[in-house]
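Let me begin by presenting the structure, written as structure tokens, before commenting on it.
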Amino acid sequence: MKKVFVAGATGWAGSEISKAIFNNDEMILTGGLSLSQDGKNLSEILSLQSDNTIPLFKSIEDAIEHVEFDILVDFTKTEIAKHNIHTALQKGKKVIIGTSGLTDKDYEEIERIANENNTSVLAAGNFALTVVLLQKFAEMAAKYIPHYEIIDYADAKKIDAPSGTVAELAYRLSKIQKPELSVAIDDTIGNKETRGATINGIQVHAVRLPGHTLGVETIFGLKGEKLILRHDSGESAEPYVKGVLLAIKNIDTFKGLRRGLDSIMEF
């Protein structure tokens, strides 16, 4: 039985993930992190059919001191997540990261700590199967089409940009082929900021508007033709739940850092 602790256990994604872990026969939900619900019982908050208390804590240090767990699942905010991840890894815990906003430099540090403590980290910008497929299809296209850009869609209240999904996609595509620009960004006439941000050598445009949950669009162009690959999330966290459960089941199959849910999947 895998003992799992969820940071962000009462949040939009974390609450659904917590329920799924609780209802899985191969896992035990031992506790959760929630700044607003410290000291309360997660079973009561999520209406879980349990006679046992599933405690909530406000810090990862308190959690490590009072409950046992093998795996930390983190769906919090960037700065909180970095502290949680570093602390858990230094205690030899395995970590699954769903929090967005972490940079390539952050992941270099996370990988170093994981290796030093002989443990495992799986980070995915998005745990939905359709996103995994978009990433795979985009990687295939990037091998043959040297002109592409990425559009990042999210709700108006999302404060980090780009999303974890898009940051991961840009990282992966840059490893295959960085896009060619017919006109260098610095040679743009007018407001060059309208050309987006350059992330890993790729132009990324972040849209933040009501009506969006999370979306990503990768546009490839050749003379006389174009290819558009797009993913849109609905308002349910269910697509992420399936991916996180898969990650928990496979976190013991490697050491160090892996990025992307597909790194533990067969295609």
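Convention: chains lettered A, B, ... in structure tokens order; per-chain residue numbering from 1; ligands numbered from 1 as shown.
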Listing only residues of range 47-155 of chain A within 6 Å of range 21-34 of chain A, what is the closest atom pair and its distance in Å (to one decimal) for each, using only C-alpha atoms, sorted by chain and residue number ascending, as JSON lines?
{"residue": "A:Ile54", "atom": "CA", "partner": "A:Gly31", "partner_atom": "CA", "distance": 5.1}
{"residue": "A:Pro55", "atom": "CA", "partner": "A:Gly31", "partner_atom": "CA", "distance": 5.0}
{"residue": "A:Leu56", "atom": "CA", "partner": "A:Gly32", "partner_atom": "CA", "distance": 4.8}
{"residue": "A:Phe57", "atom": "CA", "partner": "A:Leu33", "partner_atom": "CA", "distance": 4.9}
{"residue": "A:Lys58", "atom": "CA", "partner": "A:Ser34", "partner_atom": "CA", "distance": 5.4}
With N, CA, C and O atoms retained, could you export that selection as an mmCIF file, in the first residue's frame?
data_model
loop_
_atom_site.group_PDB
_atom_site.id
_atom_site.type_symbol
_atom_site.label_atom_id
_atom_site.label_comp_id
_atom_site.auth_asym_id
_atom_site.auth_seq_id
_atom_site.Cartn_x
_atom_site.Cartn_y
_atom_site.Cartn_z
ATOM 1 N N ILE A 54 -8.190 12.114 8.889
ATOM 2 C CA ILE A 54 -7.103 12.378 7.934
ATOM 3 C C ILE A 54 -6.684 13.824 8.182
ATOM 4 O O ILE A 54 -7.357 14.762 7.743
ATOM 5 N N PRO A 55 -5.594 14.027 8.918
ATOM 6 C CA PRO A 55 -5.251 15.361 9.411
ATOM 7 C C PRO A 55 -4.744 16.303 8.336
ATOM 8 O O PRO A 55 -4.087 15.889 7.373
ATOM 9 N N LEU A 56 -5.045 17.569 8.542
ATOM 10 C CA LEU A 56 -4.548 18.632 7.675
ATOM 11 C C LEU A 56 -3.529 19.470 8.439
ATOM 12 O O LEU A 56 -3.701 19.755 9.620
ATOM 13 N N PHE A 57 -2.483 19.872 7.734
ATOM 14 C CA PHE A 57 -1.397 20.650 8.331
ATOM 15 C C PHE A 57 -1.165 21.915 7.514
ATOM 16 O O PHE A 57 -1.524 21.986 6.334
ATOM 17 N N LYS A 58 -0.507 22.894 8.144
ATOM 18 C CA LYS A 58 -0.193 24.126 7.418
ATOM 19 C C LYS A 58 1.235 24.154 6.902
ATOM 20 O O LYS A 58 1.604 25.028 6.118
#
Minimum-distance residue to Asp74 in chain A, chosen among A:Thr53, A:Thr10, A:Asn118, A:Glu44 (using only C-alpha atoms):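 The shortest atom-to-atom distance to Asp74 in chain A comes from A:Thr10.
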Quick one: pull the distance between CA of Leu227 in chain A and CA of Lys158 in chain A, Å, one decimal.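 Between CA of Leu227 in chain A and CA of Lys158 in chain A the gap is 27.7 Å.
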List the neighbours of range 190-205 of chain A out to 8 Å using only C-alpha atoms; skip same-chain residues closer than 6 positions along the sequence, and give me the result as an mmCIF file with N, CA and C atoms, in the first residue's frame.
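Output file out-v7.cif follows:
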data_model
loop_
_atom_site.group_PDB
_atom_site.id
_atom_site.type_symbol
_atom_site.label_atom_id
_atom_site.label_comp_id
_atom_site.auth_asym_id
_atom_site.auth_seq_id
_atom_site.Cartn_x
_atom_site.Cartn_y
_atom_site.Cartn_z
ATOM 1 N N TYR A 148 7.207 27.551 -35.683
ATOM 2 C CA TYR A 148 6.046 27.321 -34.812
ATOM 3 C C TYR A 148 6.081 28.267 -33.609
ATOM 4 N N GLU A 149 4.902 28.510 -33.053
ATOM 5 C CA GLU A 149 4.746 29.306 -31.844
ATOM 6 C C GLU A 149 3.660 28.669 -30.984
ATOM 7 N N ILE A 150 3.601 29.078 -29.712
ATOM 8 C CA ILE A 150 2.664 28.476 -28.766
ATOM 9 C C ILE A 150 1.772 29.562 -28.164
ATOM 10 N N ILE A 151 0.482 29.262 -28.061
ATOM 11 C CA ILE A 151 -0.463 30.154 -27.378
ATOM 12 C C ILE A 151 -0.950 29.455 -26.111
ATOM 13 N N ASP A 152 -0.930 30.177 -25.019
ATOM 14 C CA ASP A 152 -1.294 29.676 -23.702
ATOM 15 C C ASP A 152 -2.594 30.348 -23.263
ATOM 16 N N PRO A 162 4.073 31.446 -18.262
ATOM 17 C CA PRO A 162 3.047 30.601 -18.859
ATOM 18 C C PRO A 162 2.566 29.540 -17.876
ATOM 19 N N ALA A 167 4.877 25.680 -20.310
ATOM 20 C CA ALA A 167 6.304 25.699 -19.978
ATOM 21 C C ALA A 167 6.941 24.347 -20.284
ATOM 22 N N ALA A 170 7.148 23.921 -24.158
ATOM 23 C CA ALA A 170 8.238 24.709 -24.739
ATOM 24 C C ALA A 170 9.592 24.056 -24.459
ATOM 25 N N TYR A 171 9.758 23.563 -23.262
ATOM 26 C CA TYR A 171 11.005 22.881 -22.893
ATOM 27 C C TYR A 171 11.241 21.671 -23.792
ATOM 28 N N SER A 174 11.901 22.542 -27.556
ATOM 29 C CA SER A 174 13.210 23.167 -27.772
ATOM 30 C C SER A 174 14.319 22.120 -27.851
ATOM 31 N N LYS A 178 14.612 24.201 -32.210
ATOM 32 C CA LYS A 178 14.124 25.539 -31.910
ATOM 33 C C LYS A 178 13.653 26.195 -33.198
ATOM 34 N N PRO A 179 12.530 26.899 -33.144
ATOM 35 C CA PRO A 179 11.951 27.433 -34.379
ATOM 36 C C PRO A 179 12.795 28.536 -35.022
#
Return the single residue from A:Ile71, A:Ala114, A:Ala141, A:Ala161 that is closest to Gly101 in chain A, with distances computed using only C-alpha atoms.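 Answer, going by the shortest atom-to-atom distance: A:Ala161.
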Residues of range 91-199 of chain A classed as helix (DSSP H, G or I) by DSSP on the backbone are to be reported as number ranges by chain. A: 104-116, 129-142, 164-176, 185-187, 192-195
Closest-contact table, range 51-99 of chain A side, partner range 2-7 of chain A, 9 Å, counting only C-alpha atoms, as CSV:
residue,atom,partner,partner_atom,distance
A:Ile60,CA,A:Ala7,CA,8.2
A:Ala63,CA,A:Phe5,CA,8.6
A:Val67,CA,A:Phe5,CA,8.9
A:Glu68,CA,A:Lys3,CA,7.2
A:Phe69,CA,A:Lys3,CA,4.6
A:Asp70,CA,A:Lys3,CA,5.3
A:Ile71,CA,A:Val4,CA,4.9
A:Leu72,CA,A:Phe5,CA,5.0
A:Val73,CA,A:Val6,CA,4.8
A:Asp74,CA,A:Ala7,CA,4.7
A:Phe75,CA,A:Ala7,CA,5.9
A:Thr76,CA,A:Ala7,CA,6.3
A:Ala81,CA,A:Ala7,CA,8.2
A:Asn84,CA,A:Ala7,CA,8.1
Atoms kept (all heavy atoms) for selection, written as a CSV table (one decimal), in the first residue's frame:
chain,number,residue,atom,x,y,z
A,60,ILE,N,4.8,21.5,5.7
A,60,ILE,CA,5.3,20.2,5.4
A,60,ILE,C,6.1,19.6,6.5
A,60,ILE,O,6.1,18.4,6.8
A,60,ILE,CB,6.1,20.2,4.1
A,60,ILE,CG1,6.4,18.8,3.6
A,60,ILE,CG2,7.4,21.0,4.3
A,60,ILE,CD1,5.2,18.1,3.1
A,63,ALA,N,3.8,18.0,9.0
A,63,ALA,CA,3.2,16.8,8.4
A,63,ALA,C,4.3,15.7,8.5
A,63,ALA,O,3.9,14.6,9.0
A,63,ALA,CB,2.9,17.0,6.9
A,67,VAL,N,2.8,12.4,10.6
A,67,VAL,CA,2.2,11.4,9.8
A,67,VAL,C,3.3,10.7,9.0
A,67,VAL,O,4.3,11.3,8.6
A,67,VAL,CB,1.0,11.8,8.9
A,67,VAL,CG1,-0.1,12.4,9.8
A,67,VAL,CG2,1.5,12.9,7.9
A,68,GLU,N,3.0,9.4,8.6
A,68,GLU,CA,3.9,8.7,7.7
A,68,GLU,C,3.4,8.8,6.3
A,68,GLU,O,2.2,8.7,6.1
A,68,GLU,CB,3.9,7.2,8.1
A,68,GLU,CG,4.6,6.9,9.5
A,68,GLU,CD,4.8,5.5,9.7
A,68,GLU,OE1,4.5,4.7,8.8
A,68,GLU,OE2,5.1,5.1,10.9
A,69,PHE,N,4.3,9.0,5.4
A,69,PHE,CA,3.9,8.9,4.0
A,69,PHE,C,5.1,8.7,3.1
A,69,PHE,O,6.3,9.0,3.5
A,69,PHE,CB,3.2,10.2,3.5
A,69,PHE,CG,4.0,11.5,3.5
A,69,PHE,CD1,4.7,11.9,2.4
A,69,PHE,CD2,4.0,12.2,4.7
A,69,PHE,CE1,5.4,13.1,2.5
A,69,PHE,CE2,4.7,13.4,4.8
A,69,PHE,CZ,5.4,13.9,3.6
A,70,ASP,N,4.9,8.0,2.0
A,70,ASP,CA,6.0,7.7,1.1
A,70,ASP,C,6.1,8.7,-0.1
A,70,ASP,O,7.2,8.9,-0.6
A,70,ASP,CB,5.8,6.3,0.5
A,70,ASP,CG,5.6,5.2,1.5
A,70,ASP,OD1,6.3,5.2,2.5
A,70,ASP,OD2,4.5,4.5,1.4
A,71,ILE,N,4.9,9.2,-0.4
A,71,ILE,CA,4.8,10.0,-1.7
A,71,ILE,C,4.1,11.3,-1.4
A,71,ILE,O,3.0,11.4,-0.7
A,71,ILE,CB,4.0,9.3,-2.7
A,71,ILE,CG1,4.7,7.9,-3.1
A,71,ILE,CG2,3.9,10.1,-4.0
A,71,ILE,CD1,3.8,7.0,-3.9
A,72,LEU,N,4.7,12.4,-1.8
A,72,LEU,CA,4.1,13.7,-1.7
A,72,LEU,C,3.5,14.1,-3.1
A,72,LEU,O,4.3,14.0,-4.1
A,72,LEU,CB,5.1,14.8,-1.3
A,72,LEU,CG,4.7,16.3,-1.5
A,72,LEU,CD1,3.5,16.6,-0.5
A,72,LEU,CD2,5.8,17.2,-1.3
A,73,VAL,N,2.3,14.4,-3.2
A,73,VAL,CA,1.6,15.0,-4.4
A,73,VAL,C,1.4,16.4,-4.1
A,73,VAL,O,0.7,16.8,-3.2
A,73,VAL,CB,0.3,14.2,-4.7
A,73,VAL,CG1,-0.3,14.9,-5.9
A,73,VAL,CG2,0.6,12.8,-4.9
A,74,ASP,N,2.0,17.3,-4.9
A,74,ASP,CA,1.9,18.7,-4.7
A,74,ASP,C,1.2,19.5,-5.8
A,74,ASP,O,1.5,19.5,-6.9
A,74,ASP,CB,3.3,19.4,-4.6
A,74,ASP,CG,3.3,20.7,-3.9
A,74,ASP,OD1,2.8,21.7,-4.6
A,74,ASP,OD2,3.8,20.9,-2.8
A,75,PHE,N,0.0,20.1,-5.4
A,75,PHE,CA,-0.8,21.0,-6.2
A,75,PHE,C,-1.0,22.2,-5.4
A,75,PHE,O,-2.1,22.5,-4.9
A,75,PHE,CB,-2.1,20.3,-6.6
A,75,PHE,CG,-2.0,19.4,-7.8
A,75,PHE,CD1,-1.5,18.1,-7.7
A,75,PHE,CD2,-2.5,19.8,-9.0
A,75,PHE,CE1,-1.4,17.3,-8.8
A,75,PHE,CE2,-2.4,19.0,-10.1
A,75,PHE,CZ,-1.8,17.7,-10.0
A,76,THR,N,0.0,23.0,-5.2
A,76,THR,CA,-0.1,24.3,-4.5
A,76,THR,C,0.3,25.5,-5.3
A,76,THR,O,0.0,25.5,-6.5
A,76,THR,CB,0.8,24.2,-3.2
A,76,THR,OG1,2.2,24.0,-3.6
A,76,THR,CG2,0.3,23.0,-2.3
A,81,ALA,N,5.3,25.3,-3.2
A,81,ALA,CA,5.7,24.0,-3.7
A,81,ALA,C,7.2,23.8,-3.7
A,81,ALA,O,7.6,22.6,-3.3
A,81,ALA,CB,5.2,23.9,-5.2
A,84,ASN,N,8.0,22.8,-0.2
A,84,ASN,CA,7.5,21.4,0.1
A,84,ASN,C,8.3,20.3,-0.6
A,84,ASN,O,8.7,19.3,0.0
A,84,ASN,CB,6.1,21.3,-0.4
A,84,ASN,CG,5.1,22.1,0.3
A,84,ASN,OD1,5.4,22.6,1.4
A,84,ASN,ND2,3.9,22.4,-0.3
Please extract the residues of range 38-261 of chain A with a backbone DSSP assignment of strand (DSSP E or B) and present them as number ranges by chain. A: 41, 55-57, 71-74, 94-97, 120-123, 148-154, 197-199, 202-208, 214-222, 225-233, 256-259
Please produce a file of the residues just selected, as a CSV table (one decimal), in the first residue's frame, where the atoms kept are C-alpha atoms.
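Listed below is the output, part25.csv:
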chain,number,residue,atom,x,y,z
A,41,ASN,CA,-10.1,16.6,9.4
A,55,PRO,CA,-5.3,15.4,9.4
A,56,LEU,CA,-4.5,18.6,7.7
A,57,PHE,CA,-1.4,20.6,8.3
A,71,ILE,CA,4.8,10.0,-1.7
A,72,LEU,CA,4.1,13.7,-1.7
A,73,VAL,CA,1.6,15.0,-4.4
A,74,ASP,CA,1.9,18.7,-4.7
A,94,LYS,CA,9.1,10.6,-3.5
A,95,VAL,CA,7.4,13.6,-5.1
A,96,ILE,CA,4.8,14.1,-7.8
A,97,ILE,CA,4.5,17.7,-9.0
A,120,SER,CA,12.2,10.1,-7.4
A,121,VAL,CA,10.4,13.1,-8.8
A,122,LEU,CA,7.8,13.1,-11.6
A,123,ALA,CA,6.7,16.5,-12.8
A,148,TYR,CA,6.0,27.3,-34.8
A,149,GLU,CA,4.7,29.3,-31.8
A,150,ILE,CA,2.7,28.5,-28.8
A,151,ILE,CA,-0.5,30.2,-27.4
A,152,ASP,CA,-1.3,29.7,-23.7
A,153,TYR,CA,-4.9,30.1,-22.6
A,154,ALA,CA,-6.1,30.3,-19.0
A,197,ALA,CA,7.9,36.1,-24.6
A,198,THR,CA,10.8,34.0,-25.7
A,199,ILE,CA,10.9,30.8,-23.7
A,202,ILE,CA,10.2,29.7,-28.7
A,203,GLN,CA,7.7,32.5,-28.9
A,204,VAL,CA,4.9,32.0,-26.3
A,205,HIS,CA,1.7,34.2,-26.0
A,206,ALA,CA,-0.3,34.0,-22.8
A,207,VAL,CA,-4.0,34.8,-22.9
A,208,ARG,CA,-5.8,35.3,-19.5
A,214,LEU,CA,-6.7,25.9,-19.4
A,215,GLY,CA,-5.8,25.6,-23.1
A,216,VAL,CA,-2.7,25.3,-25.3
A,217,GLU,CA,-2.4,25.8,-29.0
A,218,THR,CA,0.8,25.0,-31.0
A,219,ILE,CA,0.7,26.5,-34.4
A,220,PHE,CA,3.2,25.2,-37.1
A,221,GLY,CA,3.6,26.9,-40.4
A,222,LEU,CA,5.1,26.2,-43.8
A,225,GLU,CA,0.1,25.3,-45.2
A,226,LYS,CA,-0.3,25.3,-41.5
A,227,LEU,CA,-0.9,22.7,-38.7
A,228,ILE,CA,-2.7,23.6,-35.5
A,229,LEU,CA,-2.7,21.3,-32.5
A,230,ARG,CA,-4.9,22.4,-29.6
A,231,HIS,CA,-6.0,21.1,-26.2
A,232,ASP,CA,-8.7,22.6,-24.0
A,233,SER,CA,-9.6,21.6,-20.5
A,256,GLY,CA,15.9,11.1,-10.2
A,257,LEU,CA,13.7,13.5,-12.1
A,258,ARG,CA,11.4,12.8,-15.0
A,259,ARG,CA,9.3,15.5,-16.7
Could you build a table of the residues in range 168-214 of chain A lying no more than 12 Å from range 126-133 of chain A, giving for each the nearest pair of atoms and their separation in Å rounded to one decimal place, using only C-alpha atoms, ordered by chain and ascending residue number, as a Markdown table?
| residue | atom | partner | partner_atom | distance |
| --- | --- | --- | --- | --- |
| A:Glu168 | CA | A:Asn126 | CA | 8.6 |
| A:Leu169 | CA | A:Val131 | CA | 9.5 |
| A:Arg172 | CA | A:Val132 | CA | 11.7 |
| A:Leu214 | CA | A:Asn126 | CA | 9.7 |
Have a look at CA of Pro210 in chain A and CA of Ala156 in chain A and let me know their distance in Å, one decimal.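 Between these atoms lies a distance of 5.1 Å.
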If we count only C-alpha atoms, what is near Ile113 in chain A at a cut-off of 9 Å, once residues fewer than 6 positions away on the same chain are taken out, given as a ChimeraX atom specification? /A:86,89-90,119,256
